[in-house]
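Text of start_24.cif (mmCIF, C-alpha atoms) as supplied:
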```cif
data_work
#
loop_
_atom_site.label_atom_id
_atom_site.label_comp_id
_atom_site.auth_asym_id
_atom_site.auth_seq_id
_atom_site.Cartn_x
_atom_site.Cartn_y
_atom_site.Cartn_z
CA MET C 26 0.00 0.00 0.00
CA THR C 27 1.35 3.43 -0.92
CA GLU C 28 2.09 5.89 1.85
CA THR C 29 -0.79 8.24 2.61
CA LYS C 30 -0.06 11.92 3.13
CA VAL C 31 -2.91 14.21 4.11
CA PRO C 32 -2.85 17.46 2.09
CA VAL C 33 -2.68 20.66 4.13
CA ILE C 34 -4.42 23.99 3.50
CA PHE C 35 -2.78 26.87 5.35
CA ASP C 36 -4.10 30.26 6.29
CA LEU C 37 -1.56 33.03 5.64
CA ASP C 38 -1.39 35.96 8.10
CA GLY C 39 -0.99 34.72 11.65
CA THR C 40 -0.28 31.18 10.49
CA LEU C 41 2.58 31.18 7.98
CA VAL C 42 3.57 34.83 8.13
CA ASP C 43 3.85 37.20 11.08
CA PRO C 44 2.71 40.60 9.76
CA ALA C 45 4.89 42.20 12.47
CA GLY C 46 2.81 45.37 12.50
CA GLY C 47 2.63 45.62 8.73
CA ILE C 48 -1.12 45.12 8.75
CA THR C 49 -2.11 46.90 11.95
CA GLY C 50 0.32 49.74 11.28
CA GLY C 51 -1.02 50.14 7.77
CA ILE C 52 -4.60 50.23 9.01
CA SER C 53 -3.83 52.82 11.69
CA THR C 54 -1.94 54.96 9.17
CA ALA C 55 -4.81 54.80 6.69
CA LEU C 56 -7.34 55.72 9.38
CA SER C 57 -5.19 58.64 10.54
CA GLU C 58 -4.84 59.94 6.97
CA MET C 59 -8.62 59.79 6.64
CA GLY C 60 -9.06 61.75 9.88
CA LEU C 61 -10.78 58.77 11.49
CA PRO C 62 -10.30 57.45 15.04
CA VAL C 63 -7.70 54.70 15.42
CA PRO C 64 -8.88 51.77 17.61
CA ASP C 65 -6.73 50.44 20.41
CA GLN C 66 -4.18 47.73 19.68
CA ALA C 67 -6.41 44.86 20.74
CA ILE C 68 -9.03 45.83 18.17
CA LEU C 69 -6.39 46.38 15.50
CA ASN C 70 -5.02 42.89 16.20
CA SER C 71 -8.51 41.41 15.87
CA MET C 72 -8.72 42.92 12.37
CA VAL C 73 -5.95 40.59 11.14
CA GLY C 74 -7.64 37.70 9.37
CA PRO C 75 -11.25 38.69 8.64
CA LYS C 76 -12.34 40.49 5.47
CA LEU C 77 -10.91 44.01 5.71
CA SER C 78 -14.04 45.90 4.64
CA ASP C 79 -16.06 44.07 7.30
CA SER C 80 -13.46 44.84 9.97
CA LEU C 81 -13.35 48.52 9.04
CA LEU C 82 -17.13 48.76 9.16
CA HIS C 83 -17.84 46.73 12.27
CA LEU C 84 -14.67 46.91 14.37
CA ALA C 85 -13.19 50.29 13.50
CA GLY C 86 -16.54 52.03 12.95
CA VAL C 87 -15.58 53.50 9.56
CA PRO C 88 -18.60 55.01 7.74
CA SER C 89 -19.51 52.86 4.74
CA GLU C 90 -18.91 55.70 2.29
CA LEU C 91 -15.27 56.00 3.48
CA VAL C 92 -14.36 52.29 3.56
CA ASP C 93 -13.20 52.01 -0.05
CA GLU C 94 -10.79 54.95 0.19
CA THR C 95 -9.49 53.69 3.53
CA ILE C 96 -8.77 50.29 1.96
CA ASP C 97 -6.98 51.94 -0.99
CA ARG C 98 -4.75 53.90 1.39
CA TYR C 99 -4.07 50.83 3.49
CA ARG C 100 -3.13 48.70 0.47
CA ARG C 101 -0.72 51.38 -0.74
CA HIS C 102 1.04 51.45 2.62
CA TYR C 103 1.05 47.67 2.83
CA LYS C 104 2.70 47.21 -0.57
CA GLU C 105 5.24 49.97 0.12
CA THR C 106 6.28 48.95 3.64
CA GLY C 107 4.02 46.31 5.18
CA ILE C 108 5.20 43.31 3.19
CA GLY C 109 8.80 44.18 4.05
CA GLN C 110 7.96 44.26 7.77
CA SER C 111 6.49 40.78 7.75
CA LYS C 112 8.46 37.64 8.58
CA LEU C 113 7.94 33.90 8.59
CA TYR C 114 7.06 32.33 11.91
CA PRO C 115 9.82 30.14 13.40
CA GLY C 116 10.10 26.73 11.74
CA ILE C 117 7.66 27.45 8.90
CA PHE C 118 10.19 27.43 6.05
CA ASP C 119 11.70 24.15 7.25
CA LEU C 120 8.23 22.63 7.66
CA LEU C 121 7.16 23.57 4.14
CA GLU C 122 10.47 22.38 2.71
CA PHE C 123 10.05 19.05 4.49
CA PHE C 124 6.51 18.67 3.18
CA ALA C 125 7.69 19.42 -0.36
CA GLU C 126 10.54 16.89 -0.14
CA SER C 127 8.24 14.21 1.26
CA GLY C 128 5.56 14.77 -1.38
CA ARG C 129 2.80 16.28 0.76
CA PRO C 130 0.58 18.70 -1.24
CA VAL C 131 0.01 22.07 0.43
CA ALA C 132 -2.19 25.05 -0.43
CA VAL C 133 -3.00 28.51 0.91
CA ALA C 134 -6.50 29.84 1.62
CA THR C 135 -6.53 33.44 2.85
CA GLN C 136 -8.93 36.36 2.96
CA LYS C 137 -6.10 38.60 1.76
CA PRO C 138 -6.57 39.49 -1.93
CA GLN C 139 -5.12 36.65 -3.98
CA SER C 140 -2.63 38.76 -5.93
CA ILE C 141 -1.24 40.28 -2.73
CA ALA C 142 -1.10 36.87 -1.04
CA ARG C 143 1.07 35.62 -3.87
CA LEU C 144 3.36 38.67 -3.50
CA VAL C 145 3.78 37.95 0.22
CA LEU C 146 4.58 34.29 -0.35
CA GLU C 147 7.06 35.11 -3.09
CA HIS C 148 8.67 37.81 -0.93
CA HIS C 149 9.44 35.14 1.66
CA GLY C 150 10.60 32.59 -0.89
CA ILE C 151 7.88 30.04 -0.21
CA GLY C 152 5.47 30.59 -3.10
CA ASP C 153 6.73 27.59 -5.06
CA PHE C 154 5.90 25.18 -2.24
CA PHE C 155 2.15 25.54 -2.83
CA VAL C 156 0.00 23.63 -5.30
CA SER C 157 -2.67 26.32 -4.94
CA ILE C 158 -2.83 29.89 -3.62
CA ARG C 159 -6.40 31.03 -3.14
CA GLY C 160 -7.50 34.38 -1.74
CA ALA C 161 -10.18 37.01 -1.83
CA ALA C 162 -11.02 39.05 -4.90
CA ASP C 163 -8.74 41.98 -5.62
CA ASP C 164 -11.80 44.24 -5.52
CA GLU C 165 -12.31 44.75 -1.78
CA SER C 166 -14.83 47.56 -2.12
CA VAL C 167 -18.04 47.56 -0.10
CA LYS C 168 -20.09 47.23 -3.27
CA ALA C 169 -18.32 43.95 -4.04
CA ASN C 170 -20.60 42.14 -1.61
CA THR C 171 -20.48 38.92 -3.61
CA ALA C 172 -16.76 38.49 -2.97
CA PRO C 173 -15.91 35.00 -1.67
CA GLY C 174 -15.58 34.48 2.06
CA LYS C 175 -13.40 32.01 3.92
CA ILE C 176 -15.72 29.08 3.22
CA GLU C 177 -15.59 29.63 -0.53
CA ILE C 178 -11.85 30.28 -0.51
CA VAL C 179 -11.14 27.04 1.37
CA ALA C 180 -13.44 25.20 -1.05
CA ALA C 181 -11.48 26.57 -4.01
CA ALA C 182 -8.16 25.47 -2.51
CA LEU C 183 -9.58 22.04 -1.74
CA ALA C 184 -10.79 21.67 -5.32
CA ASP C 185 -7.32 22.56 -6.60
CA LEU C 186 -5.85 19.76 -4.47
CA HIS C 187 -8.19 17.24 -6.15
CA THR C 188 -8.50 15.30 -2.91
CA GLN C 189 -10.65 14.75 0.12
CA PRO C 190 -10.03 14.81 3.00
CA ALA C 191 -7.42 17.44 3.74
CA VAL C 192 -6.70 19.40 6.91
CA MET C 193 -6.86 23.15 7.47
CA VAL C 194 -4.30 25.01 9.58
CA GLY C 195 -5.14 28.49 10.84
CA ASP C 196 -5.05 30.97 13.69
CA ARG C 197 -8.62 32.37 13.84
CA HIS C 198 -12.15 31.09 14.21
CA GLN C 199 -12.84 31.96 10.55
CA ASP C 200 -10.31 29.30 9.56
CA VAL C 201 -12.07 26.69 11.69
CA ALA C 202 -15.46 27.66 10.29
CA GLY C 203 -14.17 27.57 6.72
CA ALA C 204 -12.71 24.11 7.29
CA MET C 205 -15.78 22.66 8.99
CA ALA C 206 -18.12 23.98 6.28
CA ASN C 207 -16.04 21.99 3.78
CA GLY C 208 -15.96 18.83 5.87
CA LEU C 209 -12.37 19.34 7.05
CA ASP C 210 -10.72 19.24 10.44
CA CYS C 211 -8.79 22.35 11.46
CA ILE C 212 -5.61 22.47 13.53
CA GLY C 213 -5.18 25.82 15.26
CA VAL C 214 -1.84 27.52 15.86
CA SER C 215 -1.28 29.42 19.09
CA TRP C 216 1.21 31.93 17.63
CA GLY C 217 -1.37 33.92 15.65
CA PHE C 218 -4.01 36.48 16.58
CA ALA C 219 -6.79 34.48 18.25
CA PRO C 220 -7.69 35.44 21.81
CA GLU C 221 -7.20 32.64 24.33
CA GLY C 222 -9.81 29.92 23.88
CA GLU C 223 -11.14 31.15 20.52
CA LEU C 224 -9.82 28.26 18.46
CA GLU C 225 -10.94 25.60 20.94
CA ASP C 226 -14.40 27.15 21.20
CA ALA C 227 -14.68 27.28 17.41
CA GLY C 228 -14.02 23.53 17.16
CA ALA C 229 -10.34 23.13 16.28
CA VAL C 230 -9.30 19.50 16.69
CA ALA C 231 -6.01 20.62 18.26
CA VAL C 232 -4.08 23.80 18.99
CA VAL C 233 -0.31 23.54 18.54
CA LYS C 234 2.46 25.76 19.89
CA THR C 235 5.31 25.05 17.45
CA ALA C 236 5.85 24.13 13.81
CA LEU C 237 7.37 20.83 14.96
CA GLU C 238 4.24 20.02 16.97
CA LEU C 239 2.17 20.88 13.89
CA ARG C 240 4.20 18.42 11.80
CA THR C 241 3.64 15.73 14.42
CA ARG C 242 -0.11 16.30 14.48
CA ILE C 243 -0.33 16.12 10.69
CA GLU C 244 1.73 12.92 10.59
CA GLU C 245 -0.68 11.45 13.15
CA LEU C 246 -3.49 12.20 10.71
CA ASP C 247 -1.54 10.29 8.05
CA ALA C 248 -1.55 7.23 10.31
CA VAL C 249 -5.29 7.55 10.99
CA ARG C 250 -6.08 7.91 7.30
CA ALA C 251 -3.84 4.97 6.36
CA ALA C 252 -5.54 2.76 8.96
CA ALA C 253 -8.98 3.76 7.66
CA LEU C 254 -7.99 2.96 4.07
CA SER C 255 -6.54 -0.37 5.13
CA GLU C 256 -9.77 -1.27 6.91
CA VAL C 257 -11.81 -0.41 3.83
CA GLN C 258 -9.52 -2.49 1.63
CA ASN C 259 -9.68 -5.44 4.01
CA ASP C 260 -13.46 -5.26 4.16
CA GLY C 261 -13.59 -5.24 0.39
CA SER C 262 -11.49 -8.36 0.15
CA LEU C 263 -13.82 -10.43 2.35
#
```
Written as structure tokens, how would this file's structure read?
Amino acid sequence: MTETKVPVIFDLDGTLVDPAGGITGGISTALSEMGLPVPDQAILNSMVGPKLSDSLLHLAGVPSELVDETIDRYRRHYKETGIGQSKLYPGIFDLLEFFAESGRPVAVATQKPQSIARLVLEHHGIGDFFVSIRGAADDESVKANTAPGKIEIVAAALADLHTQPAVMVGDRHQDVAGAMANGLDCIGVSWGFAPEGELEDAGAVAVVKTALELRTRIEELDAVRAAALSEVQNDGSL
């Protein structure tokens, strides 16, 4: 029987890449330029992950008619300085390299616009590791209310992998919800932006503290999947 390797779909910000203030700093700069109040750091941190227009409307209290311009200003700052501020979390490059060498398919599903997500991954030299990079539409305007959410983005990445099941890895409850809606388990990572208990409450099957622990958990899923396939094959031979 061939070795079974469960494909992995990763979130981006807070999971693979530490924005290191590139996102929150860009948002606060954009709000300041617009003459709008800047939320405290806890609220800014909670804006990392969800759809930006939703966060600006509901967390930062930006009037709907000013959201599009605020996003444009934020994106300009992010491209100019934010990407350069970001860094890979410890152990992530080695983990992805190991997965590539061992033949495990990996993908990205992020609510960051897809073109920008690709820029971030390429900036850190990890873009080529991924079979699929799926993100939100480049049009983040309020009027683009049909833009895909996390559920649809995870579904697109899963379709690109041409396999079921896979496992999702993320740092926020949106990642867990996106995984569960597509019939996937989600492993949470503790180094991202979720408040304590968020991932467990959302239904993550595990929350890991290091990239090495994440690798171990995923390899445990390989063993479970291999045992299940073996049982099916044995039943079929009776």
Residues in the PyMOL selection byres ((chain C and resi 217-225) around 9), expressed as a compact mmCIF listing (two decimals) with C-alpha atoms, in the frame of the given file:
```
# COMPACT_ATOMS: atom_id res chain seq x y z
CA ASP C 38 -1.39 35.96 8.10
CA GLY C 39 -0.99 34.72 11.65
CA THR C 40 -0.28 31.18 10.49
CA ASP C 43 3.85 37.20 11.08
CA ASN C 70 -5.02 42.89 16.20
CA SER C 71 -8.51 41.41 15.87
CA VAL C 73 -5.95 40.59 11.14
CA GLY C 74 -7.64 37.70 9.37
CA GLY C 195 -5.14 28.49 10.84
CA ASP C 196 -5.05 30.97 13.69
CA ARG C 197 -8.62 32.37 13.84
CA HIS C 198 -12.15 31.09 14.21
CA ASP C 200 -10.31 29.30 9.56
CA VAL C 201 -12.07 26.69 11.69
CA ILE C 212 -5.61 22.47 13.53
CA GLY C 213 -5.18 25.82 15.26
CA VAL C 214 -1.84 27.52 15.86
CA SER C 215 -1.28 29.42 19.09
CA TRP C 216 1.21 31.93 17.63
CA ASP C 226 -14.40 27.15 21.20
CA ALA C 227 -14.68 27.28 17.41
CA GLY C 228 -14.02 23.53 17.16
CA ALA C 229 -10.34 23.13 16.28
CA VAL C 230 -9.30 19.50 16.69
CA ALA C 231 -6.01 20.62 18.26
CA VAL C 232 -4.08 23.80 18.99
```
(message) Could you check which residues have any atom within 9 Å of (-5.1, 43.9, 12.3), counting only C-alpha atoms with coordinates taken straight from the file, and then list them as a list in words?
(response)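 Result, sorted by chain then residue number: Pro44, Gly46, Gly47, Ile48, Thr49, Gly50, Gly51, Ile52, Gln66, Ala67, Ile68, Leu69, Asn70, Ser71, Met72, Val73, Gly74, Pro75, Leu77, Ser80 and Phe218 of chain C.
The shortest atom-to-atom distance to Leu144 in chain C, with all atoms listed in the file taken into account, belongs to C:Ile158 out of C:Leu246, C:Val194, C:Ala55, C:Ile158.
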(request) Excluding Pro64 in chain C and residues on its chain fewer than 6 positions from it, collect all residues at most 10 Å away from it, counting all atoms listed in the file, and give them as number ranges by chain. (result) C: 52-53, 56, 70, 84-86
(request) Using the chain letters and residue numbers of this document, give as number ranges by chain the residues selected by the PyMOL selection byres ((chain C and resi 122) around 12). (result) C: 116-121, 123-131, 150-155, 240
Decode the PyMOL selection byres ((chain C and resi 111) around 7) for the given file into explicit residues and return them as a JSON list (two decimals) with C-alpha atoms, in the coordinates of the input.
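Output file result_5.json follows:
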```json
[["chain", "number", "residue", "atom", "x", "y", "z"],
["C", 42, "VAL", "CA", 3.57, 34.83, 8.13],
["C", 43, "ASP", "CA", 3.85, 37.20, 11.08],
["C", 44, "PRO", "CA", 2.71, 40.60, 9.76],
["C", 45, "ALA", "CA", 4.89, 42.20, 12.47],
["C", 47, "GLY", "CA", 2.63, 45.62, 8.73],
["C", 107, "GLY", "CA", 4.02, 46.31, 5.18],
["C", 108, "ILE", "CA", 5.20, 43.31, 3.19],
["C", 109, "GLY", "CA", 8.80, 44.18, 4.05],
["C", 110, "GLN", "CA", 7.96, 44.26, 7.77],
["C", 112, "LYS", "CA", 8.46, 37.64, 8.58]]
```
(message) Please determine, counting only C-alpha atoms, which residue among C:Ala253, C:Val92, C:Leu41, C:Ile243 has the shortest atom-to-atom distance to Leu146 in chain C.
(response)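 Once distances to Leu146 in chain C are computed over only C-alpha atoms, the minimum belongs to C:Leu41.
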(request) Quick one: pull the distance between CA of Val87 in chain C and CA of Ala134 in chain C, Å, one decimal. (result)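 Distance between the two atoms: 26.6 Å.
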(request) Give me, please, the distance in Å between CA of Met205 in chain C and CA of Arg143 in chain C, quoted to one decimal. (result)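 According to the coordinates, CA of Met205 in chain C and CA of Arg143 in chain C are separated by 24.8 Å.
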(message) So, with only C-alpha atoms as the atoms that count, which of C:Met59, C:Val31, C:Ala132, C:Leu82 lies closest to Arg98 in chain C?
(response)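 Residue with the minimum atom-to-atom distance to Arg98 in chain C: C:Met59.
Using only C-alpha atoms, the nearest neighbour of Ser57 in chain C within the list C:Gln189, C:Thr95, C:Ser140, C:Gln199 is C:Thr95.
For the pair CA of Arg159 in chain C and CA of Gln139 in chain C, the interatomic distance is 5.8 Å.
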For range 140-166 of chain C of the structure just presented, write N, CA and C atoms to a file, as a short mmCIF file (atom, residue, chain, number, x, y, z; two decimals), in the first residue's frame.
```cif
data_model
loop_
_atom_site.label_atom_id
_atom_site.label_comp_id
_atom_site.auth_asym_id
_atom_site.auth_seq_id
_atom_site.Cartn_x
_atom_site.Cartn_y
_atom_site.Cartn_z
N SER C 140 -3.85 38.26 -5.32
CA SER C 140 -2.63 38.76 -5.93
C SER C 140 -1.63 39.23 -4.88
N ILE C 141 -2.12 39.82 -3.80
CA ILE C 141 -1.24 40.28 -2.73
C ILE C 141 -0.70 39.08 -1.94
N ALA C 142 -1.56 38.08 -1.73
CA ALA C 142 -1.10 36.87 -1.04
C ALA C 142 0.07 36.24 -1.78
N ARG C 143 -0.02 36.20 -3.08
CA ARG C 143 1.07 35.62 -3.87
C ARG C 143 2.35 36.46 -3.72
N LEU C 144 2.20 37.79 -3.70
CA LEU C 144 3.36 38.67 -3.50
C LEU C 144 4.04 38.39 -2.16
N VAL C 145 3.23 38.21 -1.11
CA VAL C 145 3.78 37.95 0.22
C VAL C 145 4.54 36.64 0.23
N LEU C 146 3.94 35.60 -0.33
CA LEU C 146 4.58 34.29 -0.35
C LEU C 146 5.87 34.32 -1.16
N GLU C 147 5.85 35.00 -2.27
CA GLU C 147 7.06 35.11 -3.09
C GLU C 147 8.14 35.94 -2.40
N HIS C 148 7.72 36.98 -1.68
CA HIS C 148 8.67 37.81 -0.93
C HIS C 148 9.46 36.96 0.07
N HIS C 149 8.79 35.98 0.66
CA HIS C 149 9.44 35.14 1.66
C HIS C 149 10.02 33.85 1.07
N GLY C 150 9.98 33.72 -0.24
CA GLY C 150 10.60 32.59 -0.89
C GLY C 150 9.90 31.27 -0.69
N ILE C 151 8.60 31.29 -0.44
CA ILE C 151 7.88 30.04 -0.21
C ILE C 151 6.74 29.81 -1.20
N GLY C 152 6.58 30.70 -2.16
CA GLY C 152 5.47 30.59 -3.10
C GLY C 152 5.46 29.29 -3.88
N ASP C 153 6.64 28.79 -4.23
CA ASP C 153 6.73 27.59 -5.06
C ASP C 153 6.38 26.31 -4.31
N PHE C 154 6.26 26.37 -3.00
CA PHE C 154 5.90 25.18 -2.24
C PHE C 154 4.43 24.80 -2.43
N PHE C 155 3.60 25.75 -2.88
CA PHE C 155 2.15 25.54 -2.83
C PHE C 155 1.57 25.12 -4.17
N VAL C 156 0.74 24.08 -4.13
CA VAL C 156 0.00 23.63 -5.30
C VAL C 156 -1.03 24.68 -5.69
N SER C 157 -1.60 25.35 -4.71
CA SER C 157 -2.67 26.32 -4.94
C SER C 157 -2.52 27.48 -3.96
N ILE C 158 -2.76 28.70 -4.46
CA ILE C 158 -2.83 29.89 -3.62
C ILE C 158 -4.16 30.56 -3.91
N ARG C 159 -5.07 30.47 -2.96
CA ARG C 159 -6.40 31.03 -3.14
C ARG C 159 -6.64 32.15 -2.13
N GLY C 160 -7.23 33.25 -2.61
CA GLY C 160 -7.50 34.38 -1.74
C GLY C 160 -8.77 35.07 -2.14
N ALA C 161 -9.00 36.22 -1.52
CA ALA C 161 -10.18 37.01 -1.83
C ALA C 161 -10.00 37.72 -3.18
N ALA C 162 -11.08 38.27 -3.67
CA ALA C 162 -11.02 39.05 -4.90
C ALA C 162 -10.19 40.30 -4.68
N ASP C 163 -9.54 40.77 -5.73
CA ASP C 163 -8.74 41.98 -5.62
C ASP C 163 -9.61 43.21 -5.35
N ASP C 164 -10.86 43.16 -5.79
CA ASP C 164 -11.80 44.24 -5.52
C ASP C 164 -12.37 44.06 -4.12
N GLU C 165 -11.87 44.86 -3.17
CA GLU C 165 -12.31 44.75 -1.78
C GLU C 165 -13.37 45.79 -1.42
N SER C 166 -13.91 46.48 -2.40
CA SER C 166 -14.83 47.56 -2.12
C SER C 166 -16.11 47.04 -1.49
#
```
